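Visitor: This one is start_7.pdb, PDB, C-alpha atoms.
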```pdb
ATOM      1  CA  MET N  32     -47.972  41.427 -53.946
ATOM      2  CA  ASP N  33     -50.965  39.383 -52.891
ATOM      3  CA  GLU N  34     -52.677  38.752 -49.597
ATOM      4  CA  ARG N  35     -50.141  36.134 -48.522
ATOM      5  CA  ASP N  36     -47.300  38.591 -49.068
ATOM      6  CA  PHE N  37     -49.003  41.210 -46.912
ATOM      7  CA  MET N  38     -49.607  38.714 -44.136
ATOM      8  CA  LYS N  39     -46.047  37.460 -44.457
ATOM      9  CA  ARG N  40     -44.925  41.037 -43.826
ATOM     10  CA  ALA N  41     -47.186  41.407 -40.773
ATOM     11  CA  ILE N  42     -45.826  38.148 -39.332
ATOM     12  CA  SER N  43     -42.280  39.143 -40.174
ATOM     13  CA  ILE N  44     -42.729  42.441 -38.299
ATOM     14  CA  SER N  45     -44.096  40.566 -35.293
ATOM     15  CA  ARG N  46     -41.004  38.330 -35.216
ATOM     16  CA  GLU N  47     -38.421  41.081 -35.838
ATOM     17  CA  MET N  48     -39.802  43.390 -33.175
ATOM     18  CA  MET N  49     -40.201  40.593 -30.641
ATOM     19  CA  LEU N  50     -36.616  39.426 -31.191
ATOM     20  CA  GLY N  51     -35.414  43.046 -30.999
ATOM     21  CA  LEU N  52     -37.169  43.359 -27.608
ATOM     22  CA  LYS N  53     -39.368  46.128 -29.017
ATOM     23  CA  GLY N  54     -42.627  44.750 -27.607
ATOM     24  CA  GLY N  55     -45.039  41.816 -27.751
ATOM     25  CA  PRO N  56     -45.140  39.415 -30.734
ATOM     26  CA  PHE N  57     -47.664  41.317 -32.824
ATOM     27  CA  GLY N  58     -47.386  43.033 -36.206
ATOM     28  CA  ALA N  59     -49.814  44.649 -38.635
ATOM     29  CA  VAL N  60     -49.850  46.391 -41.997
ATOM     30  CA  VAL N  61     -52.454  48.596 -43.677
ATOM     31  CA  VAL N  62     -52.837  48.084 -47.414
ATOM     32  CA  LYS N  63     -54.403  50.403 -49.986
ATOM     33  CA  ASP N  64     -54.700  49.667 -53.709
ATOM     34  CA  GLY N  65     -52.337  46.712 -53.426
ATOM     35  CA  GLU N  66     -49.596  48.564 -51.554
ATOM     36  CA  ILE N  67     -48.556  48.731 -47.930
ATOM     37  CA  VAL N  68     -49.163  52.283 -46.706
ATOM     38  CA  ALA N  69     -48.317  51.741 -43.048
ATOM     39  CA  GLU N  70     -46.837  49.194 -40.673
ATOM     40  CA  GLY N  71     -47.169  48.773 -36.938
ATOM     41  CA  HIS N  72     -45.788  46.645 -34.165
ATOM     42  CA  ASN N  73     -46.765  46.230 -30.576
ATOM     43  CA  GLN N  74     -44.945  48.782 -28.433
ATOM     44  CA  VAL N  75     -46.906  48.750 -25.178
ATOM     45  CA  THR N  76     -43.856  48.177 -23.002
ATOM     46  CA  THR N  77     -41.310  50.093 -25.069
ATOM     47  CA  ALA N  78     -43.410  53.231 -25.676
ATOM     48  CA  ASN N  79     -45.174  53.061 -22.292
ATOM     49  CA  ASP N  80     -48.479  53.108 -24.126
ATOM     50  CA  PRO N  81     -51.108  50.466 -23.343
ATOM     51  CA  THR N  82     -52.989  51.447 -26.520
ATOM     52  CA  ALA N  83     -49.961  50.843 -28.757
ATOM     53  CA  HIS N  84     -51.085  47.493 -30.116
ATOM     54  CA  ALA N  85     -49.810  46.700 -33.619
ATOM     55  CA  GLU N  86     -53.155  47.437 -35.291
ATOM     56  CA  VAL N  87     -53.656  50.784 -33.528
ATOM     57  CA  VAL N  88     -50.100  51.824 -34.388
ATOM     58  CA  ALA N  89     -50.604  50.834 -38.051
ATOM     59  CA  ILE N  90     -53.961  52.642 -38.254
ATOM     60  CA  ARG N  91     -52.548  55.841 -36.761
ATOM     61  CA  GLU N  92     -49.591  55.707 -39.129
ATOM     62  CA  ALA N  93     -51.825  55.034 -42.168
ATOM     63  CA  CYS N  94     -53.980  58.035 -41.259
ATOM     64  CA  ARG N  95     -50.881  60.196 -40.871
ATOM     65  CA  VAL N  96     -49.471  59.097 -44.238
ATOM     66  CA  LEU N  97     -52.794  59.458 -46.080
ATOM     67  CA  GLY N  98     -53.859  62.634 -44.269
ATOM     68  CA  THR N  99     -57.285  61.356 -43.279
ATOM     69  CA  PHE N 100     -59.169  59.874 -40.332
ATOM     70  CA  ASN N 101     -61.128  57.616 -42.693
ATOM     71  CA  LEU N 102     -59.425  54.518 -44.096
ATOM     72  CA  GLU N 103     -62.271  53.430 -46.352
ATOM     73  CA  GLY N 104     -60.879  51.324 -49.176
ATOM     74  CA  CYS N 105     -57.995  50.072 -47.032
ATOM     75  CA  GLU N 106     -57.453  46.619 -45.535
ATOM     76  CA  ILE N 107     -55.559  45.541 -42.448
ATOM     77  CA  TYR N 108     -53.375  42.470 -42.055
ATOM     78  CA  ALA N 109     -52.707  41.553 -38.436
ATOM     79  CA  SER N 110     -50.471  38.710 -37.286
ATOM     80  CA  CYS N 111     -53.076  38.000 -34.585
ATOM     81  CA  GLU N 112     -56.839  38.438 -34.347
ATOM     82  CA  PRO N 113     -57.451  42.028 -33.198
ATOM     83  CA  CYS N 114     -58.470  42.445 -29.552
ATOM     84  CA  PRO N 115     -61.721  44.348 -28.825
ATOM     85  CA  MET N 116     -59.794  47.640 -28.601
ATOM     86  CA  CYS N 117     -58.167  47.116 -31.994
ATOM     87  CA  LEU N 118     -61.319  45.708 -33.546
ATOM     88  CA  SER N 119     -63.222  48.801 -32.434
ATOM     89  CA  ALA N 120     -60.456  51.035 -33.780
ATOM     90  CA  ILE N 121     -60.729  49.176 -37.109
ATOM     91  CA  TYR N 122     -64.462  49.963 -37.247
ATOM     92  CA  TRP N 123     -63.917  53.616 -36.303
ATOM     93  CA  ALA N 124     -61.269  53.861 -39.035
ATOM     94  CA  ARG N 125     -63.725  52.357 -41.552
ATOM     95  CA  LEU N 126     -61.295  49.718 -42.787
ATOM     96  CA  GLY N 127     -62.909  47.434 -45.354
ATOM     97  CA  ARG N 128     -61.441  44.030 -44.563
ATOM     98  CA  ILE N 129     -59.441  42.227 -41.893
ATOM     99  CA  TYR N 130     -56.933  39.429 -42.398
ATOM    100  CA  TYR N 131     -55.459  37.739 -39.333
ATOM    101  CA  GLY N 132     -53.120  34.836 -38.547
ATOM    102  CA  ASN N 133     -53.160  33.747 -34.912
ATOM    103  CA  SER N 134     -56.539  33.511 -33.187
ATOM    104  CA  ARG N 135     -57.571  34.918 -29.816
ATOM    105  CA  LEU N 136     -57.219  31.376 -28.471
ATOM    106  CA  ASP N 137     -53.613  31.240 -29.654
ATOM    107  CA  ALA N 138     -53.075  34.585 -27.894
ATOM    108  CA  ALA N 139     -54.631  33.277 -24.679
ATOM    109  CA  GLY N 140     -52.284  30.305 -24.931
ATOM    110  CA  ILE N 141     -49.248  32.579 -24.494
ATOM    111  CA  GLY N 142     -50.816  34.742 -21.779
ATOM    112  CA  PHE N 143     -52.627  37.501 -23.687
ATOM    113  CA  ASP N 144     -56.168  37.208 -22.423
ATOM    114  CA  ASP N 145     -58.369  39.005 -24.922
ATOM    115  CA  GLU N 146     -61.256  36.710 -24.037
ATOM    116  CA  PHE N 147     -61.639  38.494 -20.707
ATOM    117  CA  LEU N 148     -62.213  41.741 -22.584
ATOM    118  CA  TYR N 149     -64.887  40.283 -24.857
ATOM    119  CA  VAL N 150     -66.722  39.160 -21.732
ATOM    120  CA  GLU N 151     -66.335  42.489 -19.932
ATOM    121  CA  VAL N 152     -67.365  44.673 -22.883
ATOM    122  CA  ALA N 153     -70.568  42.646 -23.304
ATOM    123  CA  LYS N 154     -71.583  42.975 -19.643
ATOM    124  CA  PRO N 155     -74.027  45.560 -18.346
ATOM    125  CA  ILE N 156     -72.074  48.364 -16.678
ATOM    126  CA  GLU N 157     -72.996  47.426 -13.119
ATOM    127  CA  LYS N 158     -71.635  43.881 -13.530
ATOM    128  CA  ARG N 159     -68.180  44.823 -14.818
ATOM    129  CA  GLU N 160     -64.941  44.152 -12.940
ATOM    130  CA  ILE N 161     -64.015  47.850 -13.050
ATOM    131  CA  PRO N 162     -66.397  49.838 -10.826
ATOM    132  CA  THR N 163     -68.188  52.325 -13.069
ATOM    133  CA  VAL N 164     -70.210  55.224 -11.747
ATOM    134  CA  ARG N 165     -72.402  57.728 -13.532
ATOM    135  CA  ILE N 166     -72.347  61.270 -12.175
ATOM    136  CA  MET N 167     -73.383  64.737 -13.379
ATOM    137  CA  ALA N 168     -75.413  63.396 -16.282
ATOM    138  CA  GLU N 169     -77.373  66.599 -16.640
ATOM    139  CA  GLU N 170     -74.302  68.836 -16.909
ATOM    140  CA  ALA N 171     -72.733  66.452 -19.437
ATOM    141  CA  LEU N 172     -75.868  66.336 -21.565
ATOM    142  CA  GLY N 173     -75.823  70.109 -21.857
ATOM    143  CA  VAL N 174     -72.670  69.881 -23.996
ATOM    144  CA  PHE N 175     -74.271  67.322 -26.311
ATOM    145  CA  GLU N 176     -77.212  69.673 -26.783
ATOM    146  CA  GLU N 177     -74.821  72.473 -27.689
ATOM    147  CA  TRP N 178     -73.105  70.133 -30.199
ATOM    148  CA  GLU N 179     -76.431  69.394 -31.842
ATOM    149  CA  ALA N 180     -77.068  73.104 -32.215
ATOM    150  CA  MET N 181     -73.646  73.913 -33.704
ATOM    151  CA  PRO N 182     -73.876  74.735 -37.425
ATOM    152  CA  ASP N 183     -70.158  74.373 -38.237
ATOM    153  CA  LYS N 184     -69.308  71.016 -36.652
ATOM    154  CA  VAL N 185     -67.298  68.374 -38.486
ATOM    155  CA  ARG N 186     -69.182  65.094 -38.266
ATOM    156  CA  TYR N 187     -67.333  61.796 -38.335
TER     157      TYR N 187
ATOM    158  CA  MET J 374     -60.938  68.322  -5.248
ATOM    159  CA  ASP J 375     -63.572  65.629  -5.177
ATOM    160  CA  GLU J 376     -65.189  63.447  -7.822
ATOM    161  CA  ARG J 377     -67.589  66.163  -8.921
ATOM    162  CA  ASP J 378     -64.706  68.558  -9.509
ATOM    163  CA  PHE J 379     -62.911  66.021 -11.679
ATOM    164  CA  MET J 380     -66.040  65.349 -13.723
ATOM    165  CA  LYS J 381     -66.663  69.066 -13.976
ATOM    166  CA  ARG J 382     -63.207  69.403 -15.524
ATOM    167  CA  ALA J 383     -63.881  66.556 -18.010
ATOM    168  CA  ILE J 384     -67.149  68.179 -19.059
ATOM    169  CA  SER J 385     -65.506  71.585 -19.256
ATOM    170  CA  ILE J 386     -62.815  70.162 -21.592
ATOM    171  CA  SER J 387     -65.505  68.619 -23.784
ATOM    172  CA  ARG J 388     -67.245  71.987 -24.126
ATOM    173  CA  GLU J 389     -64.098  74.088 -24.659
ATOM    174  CA  MET J 390     -62.673  71.823 -27.332
ATOM    175  CA  MET J 391     -66.000  71.482 -29.122
ATOM    176  CA  LEU J 392     -66.493  75.258 -29.185
ATOM    177  CA  GLY J 393     -62.889  75.707 -30.357
ATOM    178  CA  LEU J 394     -63.609  73.298 -33.246
ATOM    179  CA  LYS J 395     -60.926  70.935 -31.934
ATOM    180  CA  GLY J 396     -63.038  67.779 -32.267
ATOM    181  CA  GLY J 397     -66.159  66.027 -31.011
ATOM    182  CA  PRO J 398     -67.797  66.946 -27.670
ATOM    183  CA  PHE J 399     -65.840  64.568 -25.453
ATOM    184  CA  GLY J 400     -63.378  65.167 -22.632
ATOM    185  CA  ALA J 401     -61.599  63.002 -20.067
ATOM    186  CA  VAL J 402     -59.161  63.291 -17.186
ATOM    187  CA  VAL J 403     -57.014  60.700 -15.418
ATOM    188  CA  VAL J 404     -56.695  61.151 -11.666
ATOM    189  CA  LYS J 405     -54.095  59.709  -9.306
ATOM    190  CA  ASP J 406     -53.986  60.276  -5.547
ATOM    191  CA  GLY J 407     -56.574  63.034  -5.790
ATOM    192  CA  GLU J 408     -54.825  64.971  -8.540
ATOM    193  CA  ILE J 409     -55.361  65.251 -12.277
ATOM    194  CA  VAL J 410     -52.301  63.781 -13.989
ATOM    195  CA  ALA J 411     -53.548  63.981 -17.582
ATOM    196  CA  GLU J 412     -56.339  65.415 -19.683
ATOM    197  CA  GLY J 413     -57.649  64.458 -23.090
ATOM    198  CA  HIS J 414     -60.139  65.653 -25.642
ATOM    199  CA  ASN J 415     -61.504  64.092 -28.784
ATOM    200  CA  GLN J 416     -59.272  64.949 -31.724
ATOM    201  CA  VAL J 417     -60.324  62.446 -34.372
ATOM    202  CA  THR J 418     -60.946  65.060 -37.041
ATOM    203  CA  THR J 419     -58.281  67.562 -36.027
ATOM    204  CA  ALA J 420     -55.414  65.088 -35.583
ATOM    205  CA  ASN J 421     -56.593  62.746 -38.368
ATOM    206  CA  ASP J 422     -56.591  59.911 -35.856
ATOM    207  CA  PRO J 423     -59.685  57.721 -35.486
ATOM    208  CA  THR J 424     -58.271  56.329 -32.221
ATOM    209  CA  ALA J 425     -57.924  59.802 -30.663
ATOM    210  CA  HIS J 426     -60.993  59.602 -28.452
ATOM    211  CA  ALA J 427     -60.776  61.659 -25.259
ATOM    212  CA  GLU J 428     -60.149  58.615 -23.047
ATOM    213  CA  VAL J 429     -57.395  57.167 -25.255
ATOM    214  CA  VAL J 430     -55.704  60.571 -25.444
ATOM    215  CA  ALA J 431     -55.887  60.986 -21.647
ATOM    216  CA  ILE J 432     -54.570  57.445 -21.033
ATOM    217  CA  ARG J 433     -51.634  57.918 -23.405
ATOM    218  CA  GLU J 434     -50.807  61.255 -21.793
ATOM    219  CA  ALA J 435     -51.073  59.826 -18.259
ATOM    220  CA  CYS J 436     -48.690  57.013 -19.209
ATOM    221  CA  ARG J 437     -46.254  59.515 -20.702
ATOM    222  CA  VAL J 438     -46.351  61.728 -17.607
ATOM    223  CA  LEU J 439     -46.047  58.832 -15.153
ATOM    224  CA  GLY J 440     -43.559  56.855 -17.256
ATOM    225  CA  THR J 441     -45.498  53.601 -17.187
ATOM    226  CA  PHE J 442     -47.866  51.488 -19.266
ATOM    227  CA  ASN J 443     -49.759  50.481 -16.133
ATOM    228  CA  LEU J 444     -52.191  52.968 -14.582
ATOM    229  CA  GLU J 445     -53.114  50.864 -11.558
ATOM    230  CA  GLY J 446     -54.289  53.137  -8.778
ATOM    231  CA  CYS J 447     -55.593  55.725 -11.238
ATOM    232  CA  GLU J 448     -59.182  56.606 -12.126
ATOM    233  CA  ILE J 449     -60.663  58.037 -15.283
ATOM    234  CA  TYR J 450     -63.410  60.632 -15.572
ATOM    235  CA  ALA J 451     -65.037  60.753 -19.001
ATOM    236  CA  SER J 452     -67.720  63.209 -20.049
ATOM    237  CA  CYS J 453     -69.396  60.307 -21.887
ATOM    238  CA  GLU J 454     -69.559  56.552 -21.341
ATOM    239  CA  PRO J 455     -66.453  55.076 -23.001
ATOM    240  CA  CYS J 456     -67.032  53.307 -26.327
ATOM    241  CA  PRO J 457     -65.804  49.690 -26.648
ATOM    242  CA  MET J 458     -62.404  50.894 -27.931
ATOM    243  CA  CYS J 459     -61.924  53.219 -24.978
ATOM    244  CA  LEU J 460     -63.364  50.734 -22.495
ATOM    245  CA  SER J 461     -60.901  48.117 -23.725
ATOM    246  CA  ALA J 462     -58.054  50.635 -23.512
ATOM    247  CA  ILE J 463     -59.118  51.350 -19.909
ATOM    248  CA  TYR J 464     -58.846  47.634 -19.075
ATOM    249  CA  TRP J 465     -55.469  47.290 -20.813
ATOM    250  CA  ALA J 466     -54.246  50.334 -18.861
ATOM    251  CA  ARG J 467     -55.454  48.737 -15.583
ATOM    252  CA  LEU J 468     -57.371  51.809 -14.458
ATOM    253  CA  GLY J 469     -59.194  51.174 -11.194
ATOM    254  CA  ARG J 470     -62.455  53.057 -11.625
ATOM    255  CA  ILE J 471     -64.525  54.796 -14.290
ATOM    256  CA  TYR J 472     -66.766  57.824 -13.836
ATOM    257  CA  TYR J 473     -68.895  58.963 -16.753
ATOM    258  CA  GLY J 474     -71.529  61.620 -17.496
ATOM    259  CA  ASN J 475     -73.418  61.069 -20.745
ATOM    260  CA  SER J 476     -74.508  57.521 -21.560
ATOM    261  CA  ARG J 477     -74.074  55.610 -24.811
ATOM    262  CA  LEU J 478     -77.750  56.356 -25.492
ATOM    263  CA  ASP J 479     -77.103  60.066 -25.154
ATOM    264  CA  ALA J 480     -74.217  59.648 -27.626
ATOM    265  CA  ALA J 481     -76.437  57.761 -30.080
ATOM    266  CA  GLY J 482     -78.916  60.623 -29.783
ATOM    267  CA  ILE J 483     -76.409  63.038 -31.335
ATOM    268  CA  GLY J 484     -75.170  60.619 -33.996
ATOM    269  CA  PHE J 485     -72.324  58.729 -32.296
ATOM    270  CA  ASP J 486     -73.392  55.130 -32.628
ATOM    271  CA  ASP J 487     -71.374  53.179 -30.091
ATOM    272  CA  GLU J 488     -74.192  50.631 -29.830
ATOM    273  CA  PHE J 489     -73.302  49.276 -33.269
ATOM    274  CA  LEU J 490     -69.817  48.495 -31.978
ATOM    275  CA  TYR J 491     -71.068  46.631 -28.911
ATOM    276  CA  VAL J 492     -73.129  44.459 -31.242
ATOM    277  CA  GLU J 493     -70.278  43.864 -33.707
ATOM    278  CA  VAL J 494     -67.639  43.042 -31.081
ATOM    279  CA  ALA J 495     -69.934  40.426 -29.546
ATOM    280  CA  LYS J 496     -70.602  38.659 -32.869
ATOM    281  CA  PRO J 497     -68.747  35.584 -34.052
ATOM    282  CA  ILE J 498     -66.149  36.625 -36.635
ATOM    283  CA  GLU J 499     -68.004  35.222 -39.639
ATOM    284  CA  LYS J 500     -71.128  37.268 -38.851
ATOM    285  CA  ARG J 501     -69.428  40.656 -38.620
ATOM    286  CA  GLU J 502     -70.059  43.548 -41.015
ATOM    287  CA  ILE J 503     -66.348  43.775 -41.841
ATOM    288  CA  PRO J 504     -65.278  40.688 -43.796
ATOM    289  CA  THR J 505     -62.619  38.936 -41.736
ATOM    290  CA  VAL J 506     -60.405  36.193 -43.096
ATOM    291  CA  ARG J 507     -57.888  33.956 -41.365
ATOM    292  CA  ILE J 508     -54.779  33.087 -43.366
ATOM    293  CA  MET J 509     -51.303  31.670 -42.657
ATOM    294  CA  ALA J 510     -52.223  30.540 -39.156
ATOM    295  CA  GLU J 511     -49.312  28.121 -38.980
ATOM    296  CA  GLU J 512     -46.680  30.727 -39.858
ATOM    297  CA  ALA J 513     -48.187  33.171 -37.355
ATOM    298  CA  LEU J 514     -48.252  30.584 -34.586
ATOM    299  CA  GLY J 515     -44.538  29.991 -35.049
ATOM    300  CA  VAL J 516     -43.831  33.471 -33.678
ATOM    301  CA  PHE J 517     -45.992  32.861 -30.607
ATOM    302  CA  GLU J 518     -44.024  29.676 -29.937
ATOM    303  CA  GLU J 519     -40.789  31.647 -30.162
ATOM    304  CA  TRP J 520     -42.228  34.213 -27.717
ATOM    305  CA  GLU J 521     -43.040  31.472 -25.248
ATOM    306  CA  ALA J 522     -39.458  30.234 -25.450
ATOM    307  CA  MET J 523     -37.864  33.691 -24.971
ATOM    308  CA  PRO J 524     -36.238  34.022 -21.538
ATOM    309  CA  ASP J 525     -35.881  37.832 -21.535
ATOM    310  CA  LYS J 526     -39.357  38.950 -22.595
ATOM    311  CA  VAL J 527     -41.208  41.749 -20.797
ATOM    312  CA  ARG J 528     -44.708  40.493 -19.932
ATOM    313  CA  TYR J 529     -47.603  42.894 -19.642
TER     314      TYR J 529
END
```
Using the file provided, produce a representation of the structure as structure tokens.

Guide:
Amino acid sequence: MDERDFMKRAISISREMMLGLKGGPFGAVVVKDGEIVAEGHNQVTTANDPTAHAEVVAIREACRVLGTFNLEGCEIYASCEPCPMCLSAIYWARLGRIYYGNSRLDAAGIGFDDEFLYVEVAKPIEKREIPTVRIMAEEALGVFEEWEAMPDKVRY
Amino acid sequence: MDERDFMKRAISISREMMLGLKGGPFGAVVVKDGEIVAEGHNQVTTANDPTAHAEVVAIREACRVLGTFNLEGCEIYASCEPCPMCLSAIYWARLGRIYYGNSRLDAAGIGFDDEFLYVEVAKPIEKREIPTVRIMAEEALGVFEEWEAMPDKVRY
């Protein structure tokens, strides 16, 4: 299988799950050493989980299958450009490469407004649409100081 | 309970779970109508899930408890400023307000580099650290066109 086959699978998942009323028209696969190790489809509405975008679902499944929280050496194929949530998840998972089909503009064209999120994430906190308030900074920082002092922590 | 009590609980979760070696020093609670409906703690390393940040865990749990993918009318209290993944998840979940304790700078100070993600997400695709390639755009777009034409789709 080559990169077109993997993308064909991601697109095929997006179509199957959409037609089966399983969620939005988005699919993704995670590939390691030339083989698909996990697949995901959008299931926001069917699983009642706003974080269940195709990429997040595929990443979680790949980590489960491989028994790791680090997907170094893996690639992700997404039928649509990952939104900022999924893109960030891809970085946290340490995936090595992203392939995508539809662009964020294509997504906006059918009512999925990722662009709004790019704008919001880049804003300073006090300018964001969601009111955001800092409280109890000192108490919170105490825990970080304890973390620093812990000898047996697992870094990631 | 008031906002300080809710934040106190988020911070307390972050400390308990850290000391119990259950994950990084991060906790969050989702509040609706003055009551905590869900709690979350970081479990990236213990659940082998790079998306299992405290906020994402709390959002998923709140949606499960309330039976919805839409947390309008809810607020989230996070012991640390949400990273771009969690912030995006908060927008997708339609939470109405964010309270946080530690800042992203505090997080960077103990080795959690969210700043890198803010920079990457804002970059044009071709400048990002993760190589990102668009392929099979036409085939992918076909599914979006089918979505547009579907009469019985659930929008979100």

Visitor: Report as number ranges by chain the full result of the PyMOL selection byres ((chain J and resi 384) around 10) when it is applied to this structure.

Guide: N: 167-168, 170-174; J: 378-383, 385-389, 398-402, 414, 450-453, 473-475

Visitor: Report the residues retrieved by the PyMOL selection byres ((chain J and resi 419) around 12) from the displayed file, expressed as a ChimeraX atom specification.

Guide: /N:94-95,98-100,184-187 /J:390-391,393-397,414-418,420-426

Visitor: Could you list, as a compact mmCIF listing (two decimals) with C-alpha atoms, in the coordinates of the input, every residue matched by the PyMOL selection byres ((chain N and resi 114-116) around 6) in this structure?

Guide:
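Saved result, result-v5.txt, follows:
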```txt
# COMPACT_ATOMS: atom_id res chain seq x y z
CA PRO N 113 -57.45 42.03 -33.20
CA CYS N 117 -58.17 47.12 -31.99
CA LEU N 118 -61.32 45.71 -33.55
CA SER N 119 -63.22 48.80 -32.43
CA ASP N 145 -58.37 39.01 -24.92
CA MET J 458 -62.40 50.89 -27.93
CA SER J 461 -60.90 48.12 -23.72
```

Visitor: Which of these, N:Glu34, N:Arg128, N:Ala139, N:Ala180, has the shortest distance to chain J once you count all atoms listed in the file?

Guide: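 Checking each candidate against chain J, we get N:Arg128 as the closest.
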
Visitor: Within 6 Å of Ala124 in chain N, counting all atoms listed in the file, which residues show up once you throw out same-chain ones fewer than 3 positions away? Write them as a PyMOL selection string, please.

Guide: (chain N and resi 101-102+121) or (chain J and resi 423)

Visitor: I need the residues from that last selection saved to file as a PDB file, in the frame of the given file (with C-alpha atoms), if you can.

Guide:
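Result file is result-v5.pdb:
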```
ATOM      1  CA  ASN N 101     -61.128  57.616 -42.693  1.00  0.00           C
ATOM      2  CA  LEU N 102     -59.425  54.518 -44.096  1.00  0.00           C
ATOM      3  CA  ILE N 121     -60.729  49.176 -37.109  1.00  0.00           C
TER       4      ILE N 121
ATOM      5  CA  PRO J 423     -59.685  57.721 -35.486  1.00  0.00           C
TER       6      PRO J 423
END
```

Visitor: Measure the distance from CA of Glu502 in chain J to CA of Trp123 in chain N in Å and round it to one decimal.

Guide: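 Here the two named atoms are 12.7 Å from each other.
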
Visitor: Measure the distance from CA of Ala495 in chain J to CA of Ile141 in chain N in Å and round it to one decimal.

Guide: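 According to the coordinates, CA of Ala495 in chain J and CA of Ile141 in chain N are separated by 22.7 Å.
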
Visitor: Of the candidates N:Glu70, N:Asp137, N:Glu103, N:Pro155, which one gets nearest to chain J if we count only C-alpha atoms?

Guide: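 Closest to chain J of all the choices is N:Asp137.
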
Visitor: Just give me the gap between CA of Arg125 in chain N and CA of Glu106 in chain N in Å, one decimal is fine.

Guide: 9.4 Å

Visitor: To box range 81-84 of chain N, take all atoms listed in the file, fit an axis-aligned box, add 4 Å on each side, and give centre and edge lengths in Å to one decimal, as AutoDock Vina command-line options.

Guide:
```
--center_x -51.5 --center_y 49.5 --center_z -26.7 --size_x 11.0 --size_y 12.0 --size_z 14.8
```
